[in-house]
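Engineer: Sharing a structure, written as structure tokens. Questions coming.
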Amino acid sequence: MYQSHVTVTLRKSILDPQGKAVEQAVHSLGFEVVHGLRIGKHVEFSVDSASQEEAERVTEQVCRKLLANPVMEDYSFQVTKVEVRR
Amino acid sequence: MSKTKFGVVVFPGSNCDHDAFAAASRVMEQEARYIWHKEGSLGDVDVVILPGGFSYGDYLRTGAIARFSPVMKEVVRFAKKGGTVIGICNGFQILLEAGLLPGAMLRNGNLKFVCRHVFLRVENAETRFTSECSAGDVLKIPVAHGEGNYIADEATVESLKERDQILFRYCSSSGVVDAESNPNGSMENIAGIMNSEGNVMGMMPHPERAMESELGSADGRKVFQSVIGSLVLT
């Protein structure tokens with residue numbers, strides 16, 4: 001079995017007002033060294049699949065068809081093999 | 001004269017379905033029926049309305065889950081055959097996610113839910129949704145949304161402009177389209193667009209909530225009148 005971890009973020013070209021507001025709060029905390037804060041979504045799921053390639057292909061399609069809207073969002077993911085206990 | 005048959009789709013979380021139904025039936029005196037989102041057929045309808053609300057709790061993205069509701073296959077088929085489809089607010093967001101209209105919706109620029117009357121300038125009055133208006137008319141219609149910040153890539157926006165697919169822009173009470181009258185940060189002050197074939201329209205403001213002057217405005221009637229009138233002609 002495989003475990004997918006997907007990250008969806010607004011595309012770099014798109015202003016993220018939520019991220020900006022949080023960044024200002026981080027600055028108020030005194031961490032003025034922090035920049036470029038962006039907020040996204042984390043999605044995780046497991047995939048029943050015989051191979052890494054197959055699990056990645058499934059994850060890619062799930063991202064493209066549903067989890068991210070390509071008009072405004074980018075996605076990235078990591079797929080790792082997990083041992084199933086019998 | 002036969003009555004126009006409106007079908008109002010009801011998704012879990014729709015909350016303007018009754019307003020749309022009342023606007024079509026009680027105010028405009030046409031026929032209306034609800035279509036539950038699990039229905040596999042639209043039945044005999046002339047116009048499909050995807051109403052406002054928070055379908056599926058706006059999970060993932062507004063409209064992202066609703067577009068997989070069984071009835072949406074039929075809505076897409078109806079639209080591809082040239083049927084008249086109106087998406088209001090969340091309905092507009094669903095049409096975007098379903099790919100029946102181009103673009104997407106971001107959170108409002110100021111991150112606030114905006115709920116008030118706004119003014120819209122009619123940009124194209126030669127459509128089945130605006131034929132009762134004149135280009136340049138200013139309509140007073142309420143908005144109520146948190147994600148109405150329309151975005152599309154430049155090529156898409158250019159083609160919307162070239163083909164006169166932008167039907168409504170946010171404007172001042174005197175019809176000036178400027179940043180101040182833009183309630184959500186939408187590109188080009190876009191409040192409503194249609195597809196290139198001219199049979200599918202999405203708008204963030206709620207015409208169904210502007211049906212009686214006693215309640216603030218009756219300008220929403222013009223959208224309904226236009227649609228009813230265009231169907232009589234065809």
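To be explicit about the labels: the chains of the structure tokens are called A, B, and onward in the order shown, and within each one the residues are counted from 1, while ligands get numbers from 1 in the order they are shown.
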For chain A against chain B, which residues fall within 9 Å using only C-alpha atoms, given as a list in words?

Structural biologist: Leu15, Asp16, Pro17, Gln18, Lys41, Leu66, Leu67, Ala68, Asn69, Val71 and Met72 of chain A

Engineer: Store the residues of this selection in a file with N, CA and C atoms, as an mmCIF file, in the first residue's frame.

Structural biologist:
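And here is the file that came out, out32.cif:
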```cif
data_model
loop_
_atom_site.group_PDB
_atom_site.id
_atom_site.type_symbol
_atom_site.label_atom_id
_atom_site.label_comp_id
_atom_site.auth_asym_id
_atom_site.auth_seq_id
_atom_site.Cartn_x
_atom_site.Cartn_y
_atom_site.Cartn_z
ATOM 1 N N LEU A 15 -2.248 36.611 -5.813
ATOM 2 C CA LEU A 15 -2.128 37.198 -4.486
ATOM 3 C C LEU A 15 -2.884 36.332 -3.486
ATOM 4 N N ASP A 16 -2.236 36.051 -2.369
ATOM 5 C CA ASP A 16 -2.860 35.248 -1.320
ATOM 6 C C ASP A 16 -3.119 36.145 -0.115
ATOM 7 N N PRO A 17 -4.290 36.809 -0.065
ATOM 8 C CA PRO A 17 -4.539 37.775 1.003
ATOM 9 C C PRO A 17 -4.512 37.143 2.393
ATOM 10 N N GLN A 18 -4.932 35.873 2.455
ATOM 11 C CA GLN A 18 -4.922 35.173 3.744
ATOM 12 C C GLN A 18 -3.471 34.991 4.222
ATOM 13 N N LYS A 41 -3.404 23.845 1.191
ATOM 14 C CA LYS A 41 -4.135 22.728 1.800
ATOM 15 C C LYS A 41 -3.253 21.493 1.781
ATOM 16 N N LEU A 66 -9.494 16.833 -9.342
ATOM 17 C CA LEU A 66 -10.335 17.278 -8.235
ATOM 18 C C LEU A 66 -9.652 18.166 -7.201
ATOM 19 N N LEU A 67 -8.517 17.720 -6.689
ATOM 20 C CA LEU A 67 -7.960 18.410 -5.516
ATOM 21 C C LEU A 67 -7.492 19.823 -5.818
ATOM 22 N N ALA A 68 -6.978 20.054 -7.033
ATOM 23 C CA ALA A 68 -6.512 21.397 -7.390
ATOM 24 C C ALA A 68 -7.289 21.911 -8.590
ATOM 25 N N ASN A 69 -7.562 23.197 -8.578
ATOM 26 C CA ASN A 69 -8.177 23.833 -9.748
ATOM 27 C C ASN A 69 -7.057 24.547 -10.508
ATOM 28 N N VAL A 71 -6.816 26.589 -12.724
ATOM 29 C CA VAL A 71 -6.926 28.018 -13.029
ATOM 30 C C VAL A 71 -6.214 28.851 -11.967
ATOM 31 N N MET A 72 -6.239 28.363 -10.728
ATOM 32 C CA MET A 72 -5.693 29.204 -9.651
ATOM 33 C C MET A 72 -4.746 28.480 -8.708
#
```

Engineer: Skip stretch 4-6 of chain A itself and residues of its chain fewer than 6 positions away, then list as a PDB file with C-alpha atoms, in the first residue's frame all residues within 6 Å of it, counting only C-alpha atoms.

Structural biologist:
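What ended up in part-v6.pdb:
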```pdb
ATOM      1  CA  HIS A  42      -2.711  19.413   2.837  1.00  0.00           C
ATOM      2  CA  VAL A  43      -4.521  16.262   1.713  1.00  0.00           C
ATOM      3  CA  GLU A  44      -3.465  12.725   2.561  1.00  0.00           C
ATOM      4  CA  PHE A  45      -4.802   9.366   1.550  1.00  0.00           C
ATOM      5  CA  SER A  46      -3.668   5.824   0.988  1.00  0.00           C
ATOM      6  CA  SER A  76       2.739  18.790  -5.466  1.00  0.00           C
ATOM      7  CA  PHE A  77       2.744  15.375  -3.835  1.00  0.00           C
ATOM      8  CA  GLN A  78       4.852  12.672  -2.269  1.00  0.00           C
ATOM      9  CA  VAL A  79       4.001   9.012  -2.456  1.00  0.00           C
TER      10      VAL A  79
END
```

Engineer: Taking the DSSP secondary structure from the backbone, can you list the residues of stretch 7-81 of chain A that are strand (DSSP E or B), as a VMD selection string?

Structural biologist: chain A and resid 7 to 10 40 to 47 73 to 81

Engineer: From stretch 174-233 of chain B, collect each residue whose DSSP state is helix (DSSP H, G or I) and return the set as a ChimeraX atom specification.

Structural biologist: /B:179-181,187-189,207-209,213-215,221-233

Engineer: Determine the nearest neighbour of B:Arg221 from the options B:Leu101, B:Val48, B:Ile94, B:Cys133, counting only C-alpha atoms.

Structural biologist: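 The shortest atom-to-atom distance to B:Arg221 comes from B:Cys133.
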